[in-house]
>>> print(open('input.txt').read())   # compact mmCIF, N, CA and C atoms
# COMPACT_ATOMS: atom_id res chain seq x y z
N MET A 994 27.81 33.41 -34.55
CA MET A 994 28.15 32.21 -33.81
C MET A 994 29.64 31.96 -33.89
N THR A 995 30.40 32.77 -33.26
CA THR A 995 31.84 32.61 -33.32
C THR A 995 32.39 31.92 -32.08
N ASP A 996 31.62 31.80 -31.00
CA ASP A 996 32.08 31.17 -29.78
C ASP A 996 31.85 29.66 -29.88
N ASN A 997 32.92 28.87 -29.91
CA ASN A 997 32.81 27.42 -30.06
C ASN A 997 32.04 26.77 -28.93
N LYS A 998 32.05 27.36 -27.72
CA LYS A 998 31.34 26.79 -26.59
C LYS A 998 29.84 26.80 -26.81
N HIS A 999 29.35 27.71 -27.62
CA HIS A 999 27.91 27.84 -27.83
C HIS A 999 27.46 27.33 -29.19
N ARG A 1000 28.34 26.71 -29.92
CA ARG A 1000 27.95 26.17 -31.22
C ARG A 1000 27.27 24.81 -31.03
N PRO A 1001 26.18 24.62 -31.71
CA PRO A 1001 25.52 23.31 -31.61
C PRO A 1001 26.32 22.25 -32.37
N HIS A 1002 26.16 21.03 -31.95
CA HIS A 1002 26.72 19.88 -32.64
C HIS A 1002 25.91 19.66 -33.92
N PRO A 1003 26.53 19.17 -35.00
CA PRO A 1003 25.75 18.95 -36.23
C PRO A 1003 24.50 18.10 -36.01
N GLY A 1004 24.59 17.12 -35.13
CA GLY A 1004 23.40 16.30 -34.83
C GLY A 1004 22.29 17.12 -34.20
N ASP A 1005 22.68 18.13 -33.40
CA ASP A 1005 21.68 19.02 -32.81
C ASP A 1005 20.95 19.82 -33.89
N LEU A 1006 21.69 20.21 -34.91
CA LEU A 1006 21.06 20.95 -36.02
C LEU A 1006 20.06 20.07 -36.75
N LEU A 1007 20.41 18.82 -36.96
CA LEU A 1007 19.49 17.90 -37.63
C LEU A 1007 18.24 17.69 -36.77
N THR A 1008 18.43 17.57 -35.48
CA THR A 1008 17.29 17.43 -34.57
C THR A 1008 16.41 18.68 -34.63
N LEU A 1009 17.05 19.85 -34.62
CA LEU A 1009 16.30 21.10 -34.72
C LEU A 1009 15.52 21.16 -36.03
N ALA A 1010 16.15 20.78 -37.11
CA ALA A 1010 15.47 20.78 -38.41
C ALA A 1010 14.26 19.86 -38.38
N PHE A 1011 14.43 18.70 -37.79
CA PHE A 1011 13.35 17.72 -37.67
C PHE A 1011 12.20 18.29 -36.83
N GLU A 1012 12.55 18.91 -35.71
CA GLU A 1012 11.52 19.49 -34.84
C GLU A 1012 10.78 20.63 -35.53
N LEU A 1013 11.50 21.43 -36.32
CA LEU A 1013 10.86 22.55 -37.01
C LEU A 1013 9.88 22.09 -38.08
N ILE A 1014 10.19 21.00 -38.76
CA ILE A 1014 9.24 20.48 -39.75
C ILE A 1014 7.91 20.19 -39.07
N ASN A 1015 7.97 19.53 -37.92
CA ASN A 1015 6.74 19.18 -37.20
C ASN A 1015 6.07 20.42 -36.62
N ALA A 1016 6.83 21.30 -36.00
CA ALA A 1016 6.25 22.49 -35.36
C ALA A 1016 5.63 23.42 -36.38
N ARG A 1017 6.33 23.67 -37.48
CA ARG A 1017 5.80 24.60 -38.48
C ARG A 1017 4.60 24.00 -39.19
N GLY A 1018 4.59 22.70 -39.37
CA GLY A 1018 3.42 22.06 -39.95
C GLY A 1018 2.20 22.28 -39.09
N ASN A 1019 2.38 22.14 -37.77
CA ASN A 1019 1.27 22.39 -36.85
C ASN A 1019 0.89 23.86 -36.84
N GLU A 1020 1.89 24.73 -36.83
CA GLU A 1020 1.64 26.17 -36.77
C GLU A 1020 0.88 26.66 -37.99
N TYR A 1021 1.27 26.18 -39.17
CA TYR A 1021 0.62 26.61 -40.40
C TYR A 1021 -0.55 25.72 -40.77
N ASP A 1022 -0.80 24.68 -39.96
CA ASP A 1022 -1.90 23.75 -40.18
C ASP A 1022 -1.87 23.16 -41.58
N ASN A 1023 -0.66 22.81 -42.05
CA ASN A 1023 -0.57 22.27 -43.40
C ASN A 1023 0.36 21.06 -43.52
N ALA A 1024 0.79 20.51 -42.41
CA ALA A 1024 1.75 19.41 -42.49
C ALA A 1024 1.19 18.24 -43.29
N ALA A 1025 -0.09 17.98 -43.17
CA ALA A 1025 -0.69 16.87 -43.90
C ALA A 1025 -0.78 17.18 -45.40
N ASP A 1026 -0.73 18.45 -45.76
CA ASP A 1026 -0.90 18.85 -47.15
C ASP A 1026 0.36 19.47 -47.75
N ILE A 1027 1.53 19.21 -47.15
CA ILE A 1027 2.75 19.87 -47.62
C ILE A 1027 3.03 19.52 -49.08
N ASP A 1028 2.79 18.28 -49.46
CA ASP A 1028 2.98 17.89 -50.85
C ASP A 1028 2.09 18.71 -51.76
N GLN A 1029 0.83 18.86 -51.36
CA GLN A 1029 -0.12 19.64 -52.15
C GLN A 1029 0.33 21.10 -52.23
N ASN A 1030 0.83 21.66 -51.14
CA ASN A 1030 1.30 23.05 -51.14
C ASN A 1030 2.43 23.24 -52.14
N PHE A 1031 3.39 22.32 -52.14
CA PHE A 1031 4.52 22.44 -53.06
C PHE A 1031 4.08 22.21 -54.50
N ARG A 1032 3.12 21.29 -54.73
CA ARG A 1032 2.62 21.08 -56.09
C ARG A 1032 1.88 22.30 -56.60
N GLU A 1033 1.12 22.95 -55.73
CA GLU A 1033 0.42 24.18 -56.13
C GLU A 1033 1.42 25.30 -56.43
N ALA A 1034 2.44 25.42 -55.60
CA ALA A 1034 3.48 26.43 -55.87
C ALA A 1034 4.15 26.14 -57.21
N ALA A 1035 4.39 24.87 -57.49
CA ALA A 1035 5.01 24.49 -58.77
C ALA A 1035 4.09 24.84 -59.94
N ALA A 1036 2.80 24.62 -59.78
CA ALA A 1036 1.84 24.93 -60.86
C ALA A 1036 1.82 26.43 -61.15
N VAL A 1037 1.78 27.23 -60.10
CA VAL A 1037 1.76 28.68 -60.28
C VAL A 1037 3.07 29.15 -60.91
N ALA A 1038 4.19 28.67 -60.37
CA ALA A 1038 5.49 29.07 -60.91
C ALA A 1038 5.64 28.62 -62.36
N SER A 1039 5.09 27.48 -62.71
CA SER A 1039 5.16 26.99 -64.09
C SER A 1039 4.48 27.96 -65.05
N VAL A 1040 3.34 28.49 -64.62
CA VAL A 1040 2.62 29.45 -65.47
C VAL A 1040 3.44 30.74 -65.59
N VAL A 1041 3.99 31.20 -64.48
CA VAL A 1041 4.72 32.46 -64.47
C VAL A 1041 5.97 32.40 -65.35
N ILE A 1042 6.73 31.30 -65.24
CA ILE A 1042 7.99 31.24 -66.01
C ILE A 1042 7.87 30.51 -67.34
N GLY A 1043 6.73 29.87 -67.57
CA GLY A 1043 6.52 29.20 -68.85
C GLY A 1043 7.27 27.89 -69.00
N LYS A 1044 7.60 27.26 -67.90
CA LYS A 1044 8.29 25.96 -67.92
C LYS A 1044 7.70 25.12 -66.80
N GLU A 1045 7.44 23.85 -67.08
CA GLU A 1045 6.85 22.97 -66.08
C GLU A 1045 7.82 22.72 -64.94
N LEU A 1046 7.34 22.96 -63.72
CA LEU A 1046 8.12 22.69 -62.51
C LEU A 1046 7.39 21.67 -61.66
N THR A 1047 8.14 20.97 -60.83
CA THR A 1047 7.58 19.97 -59.92
C THR A 1047 7.71 20.47 -58.48
N ALA A 1048 7.07 19.74 -57.58
CA ALA A 1048 7.21 20.05 -56.15
C ALA A 1048 8.68 19.96 -55.74
N ARG A 1049 9.40 18.98 -56.28
CA ARG A 1049 10.84 18.84 -55.98
C ARG A 1049 11.60 20.07 -56.46
N ASP A 1050 11.26 20.55 -57.65
CA ASP A 1050 11.92 21.76 -58.17
C ASP A 1050 11.73 22.94 -57.22
N VAL A 1051 10.52 23.11 -56.71
CA VAL A 1051 10.24 24.20 -55.79
C VAL A 1051 11.09 24.06 -54.53
N ALA A 1052 11.16 22.85 -53.98
CA ALA A 1052 11.96 22.62 -52.79
C ALA A 1052 13.44 22.94 -53.05
N MET A 1053 13.94 22.55 -54.21
CA MET A 1053 15.34 22.82 -54.54
C MET A 1053 15.58 24.32 -54.72
N ILE A 1054 14.64 25.02 -55.32
CA ILE A 1054 14.77 26.48 -55.49
C ILE A 1054 14.77 27.17 -54.12
N LEU A 1055 13.88 26.74 -53.24
CA LEU A 1055 13.86 27.32 -51.90
C LEU A 1055 15.15 27.01 -51.14
N HIS A 1056 15.71 25.83 -51.36
CA HIS A 1056 17.02 25.51 -50.77
C HIS A 1056 18.08 26.48 -51.31
N CYS A 1057 18.04 26.76 -52.59
CA CYS A 1057 18.99 27.72 -53.17
C CYS A 1057 18.84 29.10 -52.54
N VAL A 1058 17.61 29.51 -52.28
CA VAL A 1058 17.37 30.79 -51.61
C VAL A 1058 18.07 30.79 -50.25
N LYS A 1059 17.95 29.70 -49.53
CA LYS A 1059 18.59 29.62 -48.22
C LYS A 1059 20.11 29.61 -48.35
N LEU A 1060 20.64 29.01 -49.40
CA LEU A 1060 22.09 29.05 -49.63
C LEU A 1060 22.57 30.49 -49.82
N ILE A 1061 21.84 31.24 -50.63
CA ILE A 1061 22.20 32.64 -50.87
C ILE A 1061 22.08 33.44 -49.58
N ARG A 1062 21.02 33.20 -48.84
CA ARG A 1062 20.85 33.94 -47.58
C ARG A 1062 21.96 33.59 -46.58
N SER A 1063 22.40 32.32 -46.58
CA SER A 1063 23.48 31.94 -45.65
C SER A 1063 24.80 32.60 -46.05
N LYS A 1064 24.93 32.92 -47.33
CA LYS A 1064 26.13 33.63 -47.78
C LYS A 1064 26.12 35.07 -47.28
N SER A 1065 24.96 35.72 -47.39
CA SER A 1065 24.88 37.12 -46.97
C SER A 1065 24.68 37.28 -45.46
N SER A 1066 24.15 36.25 -44.80
CA SER A 1066 23.95 36.27 -43.34
C SER A 1066 24.48 34.97 -42.75
N PRO A 1067 25.80 34.78 -42.75
CA PRO A 1067 26.37 33.50 -42.32
C PRO A 1067 26.13 33.17 -40.85
N ASP A 1068 25.76 34.14 -40.03
CA ASP A 1068 25.54 33.89 -38.61
C ASP A 1068 24.08 33.60 -38.27
N LYS A 1069 23.23 33.53 -39.28
CA LYS A 1069 21.81 33.27 -39.02
C LYS A 1069 21.52 31.78 -39.20
N LEU A 1070 21.34 31.11 -38.08
CA LEU A 1070 21.15 29.66 -38.06
C LEU A 1070 19.94 29.21 -38.87
N ASP A 1071 18.89 30.01 -38.87
CA ASP A 1071 17.65 29.67 -39.56
C ASP A 1071 17.89 29.32 -41.03
N ASN A 1072 18.81 30.01 -41.68
CA ASN A 1072 19.09 29.74 -43.09
C ASN A 1072 19.59 28.31 -43.30
N TYR A 1073 20.43 27.85 -42.42
CA TYR A 1073 20.99 26.50 -42.54
C TYR A 1073 19.94 25.44 -42.22
N VAL A 1074 19.19 25.66 -41.16
CA VAL A 1074 18.18 24.70 -40.74
C VAL A 1074 17.07 24.59 -41.79
N ASP A 1075 16.57 25.73 -42.25
CA ASP A 1075 15.54 25.70 -43.29
C ASP A 1075 16.07 25.05 -44.56
N GLY A 1076 17.33 25.33 -44.90
CA GLY A 1076 17.92 24.70 -46.09
C GLY A 1076 17.93 23.19 -45.99
N MET A 1077 18.27 22.67 -44.81
CA MET A 1077 18.25 21.22 -44.61
C MET A 1077 16.83 20.67 -44.81
N ASN A 1078 15.86 21.40 -44.30
CA ASN A 1078 14.48 20.93 -44.43
C ASN A 1078 14.01 20.94 -45.89
N TYR A 1079 14.40 21.97 -46.63
CA TYR A 1079 14.00 21.99 -48.05
C TYR A 1079 14.63 20.82 -48.80
N LEU A 1080 15.86 20.46 -48.47
CA LEU A 1080 16.49 19.29 -49.09
C LEU A 1080 15.74 18.01 -48.70
N ALA A 1081 15.30 17.94 -47.45
CA ALA A 1081 14.54 16.78 -47.00
C ALA A 1081 13.22 16.67 -47.78
N PHE A 1082 12.54 17.81 -47.96
CA PHE A 1082 11.31 17.79 -48.76
C PHE A 1082 11.61 17.34 -50.19
N ALA A 1083 12.69 17.82 -50.77
CA ALA A 1083 13.05 17.42 -52.14
C ALA A 1083 13.24 15.92 -52.22
N ALA A 1084 13.90 15.34 -51.23
CA ALA A 1084 14.10 13.88 -51.21
C ALA A 1084 12.76 13.16 -51.12
N CYS A 1085 11.85 13.70 -50.32
CA CYS A 1085 10.52 13.10 -50.22
C CYS A 1085 9.78 13.18 -51.54
N PHE A 1086 9.81 14.35 -52.16
CA PHE A 1086 9.10 14.52 -53.43
C PHE A 1086 9.69 13.66 -54.53
N GLN A 1087 10.96 13.33 -54.42
CA GLN A 1087 11.62 12.43 -55.37
C GLN A 1087 11.24 10.97 -55.10
N GLY A 1088 10.61 10.71 -53.95
CA GLY A 1088 10.19 9.36 -53.60
C GLY A 1088 11.26 8.56 -52.87
N LEU A 1089 12.31 9.23 -52.42
CA LEU A 1089 13.39 8.52 -51.73
C LEU A 1089 13.02 8.12 -50.31
N VAL A 1090 12.20 8.93 -49.67
CA VAL A 1090 11.67 8.65 -48.33
C VAL A 1090 10.22 9.10 -48.31
N PRO A 1091 9.43 8.51 -47.42
CA PRO A 1091 8.01 8.92 -47.38
C PRO A 1091 7.87 10.32 -46.82
N LEU A 1092 6.92 11.05 -47.36
CA LEU A 1092 6.66 12.40 -46.85
C LEU A 1092 6.04 12.31 -45.47
N SER A 1093 5.20 11.32 -45.27
CA SER A 1093 4.58 11.12 -43.97
C SER A 1093 4.47 9.64 -43.73
N LEU A 1094 4.91 9.21 -42.57
CA LEU A 1094 4.81 7.80 -42.23
C LEU A 1094 3.52 7.49 -41.49
N GLN A 1095 2.80 8.51 -41.12
CA GLN A 1095 1.54 8.34 -40.42
C GLN A 1095 0.49 9.18 -41.13
N GLY A 1096 -0.75 8.77 -41.03
CA GLY A 1096 -1.82 9.52 -41.66
C GLY A 1096 -2.01 10.86 -41.00
N PRO A 1097 -2.71 11.77 -41.68
CA PRO A 1097 -2.93 13.10 -41.10
C PRO A 1097 -3.79 13.01 -39.84
N ALA A 1098 -3.46 13.83 -38.88
CA ALA A 1098 -4.23 13.90 -37.63
C ALA A 1098 -5.32 14.94 -37.78
N PRO A 1099 -6.34 14.84 -36.98
CA PRO A 1099 -7.35 15.90 -37.01
C PRO A 1099 -6.71 17.23 -36.68
N THR A 1100 -7.25 18.30 -37.25
CA THR A 1100 -6.65 19.62 -37.06
C THR A 1100 -6.80 20.11 -35.63
N SER A 1101 -7.69 19.53 -34.82
CA SER A 1101 -7.86 19.98 -33.45
C SER A 1101 -6.77 19.44 -32.52
N THR A 1102 -6.02 18.45 -32.97
CA THR A 1102 -4.94 17.90 -32.16
C THR A 1102 -3.62 18.08 -32.90
N PRO A 1103 -2.51 18.10 -32.17
CA PRO A 1103 -1.22 18.24 -32.84
C PRO A 1103 -0.99 17.09 -33.82
N LEU A 1104 -0.30 17.39 -34.91
CA LEU A 1104 0.02 16.36 -35.88
C LEU A 1104 1.03 15.40 -35.29
N PRO A 1105 1.00 14.12 -35.72
CA PRO A 1105 1.93 13.15 -35.16
C PRO A 1105 3.37 13.48 -35.52
N VAL A 1106 4.25 13.13 -34.63
CA VAL A 1106 5.68 13.31 -34.88
C VAL A 1106 6.18 12.05 -35.55
N VAL A 1107 6.85 12.20 -36.67
CA VAL A 1107 7.42 11.06 -37.37
C VAL A 1107 8.65 10.61 -36.60
N LYS A 1108 8.77 9.33 -36.34
CA LYS A 1108 9.89 8.78 -35.60
C LYS A 1108 11.08 8.57 -36.53
N LEU A 1109 12.25 9.00 -36.07
CA LEU A 1109 13.46 8.86 -36.88
C LEU A 1109 13.73 7.41 -37.24
N LYS A 1110 13.46 6.48 -36.32
CA LYS A 1110 13.69 5.06 -36.58
C LYS A 1110 12.82 4.59 -37.75
N GLU A 1111 11.58 5.08 -37.82
CA GLU A 1111 10.70 4.69 -38.92
C GLU A 1111 11.24 5.17 -40.26
N VAL A 1112 11.80 6.38 -40.29
CA VAL A 1112 12.38 6.91 -41.52
C VAL A 1112 13.57 6.04 -41.93
N LYS A 1113 14.43 5.72 -40.96
CA LYS A 1113 15.61 4.90 -41.23
C LYS A 1113 15.19 3.51 -41.72
N ASP A 1114 14.21 2.90 -41.04
CA ASP A 1114 13.74 1.57 -41.45
C ASP A 1114 13.17 1.61 -42.85
N HIS A 1115 12.39 2.65 -43.17
CA HIS A 1115 11.80 2.75 -44.51
C HIS A 1115 12.88 2.93 -45.56
N ALA A 1116 13.86 3.77 -45.27
CA ALA A 1116 14.95 4.02 -46.22
C ALA A 1116 15.75 2.75 -46.48
N GLN A 1117 15.96 1.94 -45.44
CA GLN A 1117 16.73 0.71 -45.60
C GLN A 1117 15.95 -0.35 -46.36
N SER A 1118 14.61 -0.29 -46.28
CA SER A 1118 13.81 -1.30 -46.96
C SER A 1118 13.68 -1.03 -48.46
N ASN A 1119 14.07 0.18 -48.90
CA ASN A 1119 13.96 0.51 -50.32
C ASN A 1119 15.27 0.37 -51.01
>>> encode(input="input.txt", output="structure tokens")
Amino acid sequence: MTDNKHRPHPGDLLTLAFELINARGNEYDNAADIDQNFREAAAVASVVIGKELTARDVAMILHCVKLIRSKSSPDKLDNYVDGMNYLAFAACFQGLVPLSLQGPAPTSTPLPVVKLKEVKDHAQSN
């Protein structure tokens, strides 16, 4: 991405990251259980390394993986976008923002899209 005319605006990247959270949740059919997925990964990793890890720890480790990948592949946008999402999950697991502002949808229909205004309103109320 060396051509400035084709570089996305930082806000576009945040929008893309937001859209990917929703799309990948639907694709993997696990958006409603993302907290559970990260807690299970933490439990398994805790046994493997012999130290208790949390869902937040897993999200931070995955963010670190994306940092390393962005160093070796600086032109791959996916590394940056995924890294932003892992940081967002870490903030949710820390309780800074809600993981989901709406209840889980039935698996036969797309999961609800969380509205940015709702996230902002919730963050300001805490």
>>> atom_distance(input="input.txt", atom1="atom C of A:Val1090", atom2="atom CA of A:Arg1032")
16.2 Å
>>> closest_residue(input="input.txt", among="A:Thr1047, A:Val1058, A:Pro1003, A:Asn1015", to="A:Glu1033", atoms="all atoms listed in the file")
A:Thr1047
>>> atom_distance(input="input.txt", atom1="atom N of A:Gly1004", atom2="atom CA of A:Arg1049")
25.0 Å
>>> atom_distance(input="input.txt", atom1="atom CA of A:Ile1027", atom2="atom CA of A:Leu1080")
13.8 Å
>>> closest_residue(input="input.txt", among="A:Leu1013, A:Leu1060, A:Ala1034, A:Ala1048", to="A:Gly1088", atoms="only C-alpha atoms")
A:Ala1048
>>> residues_near_point(input="input.txt", point="(18.3, 26.5, -44.4)", cutoff="5 Å", atoms="all atoms listed in the file", output="number ranges by chain")
A: 1059, 1071-1077
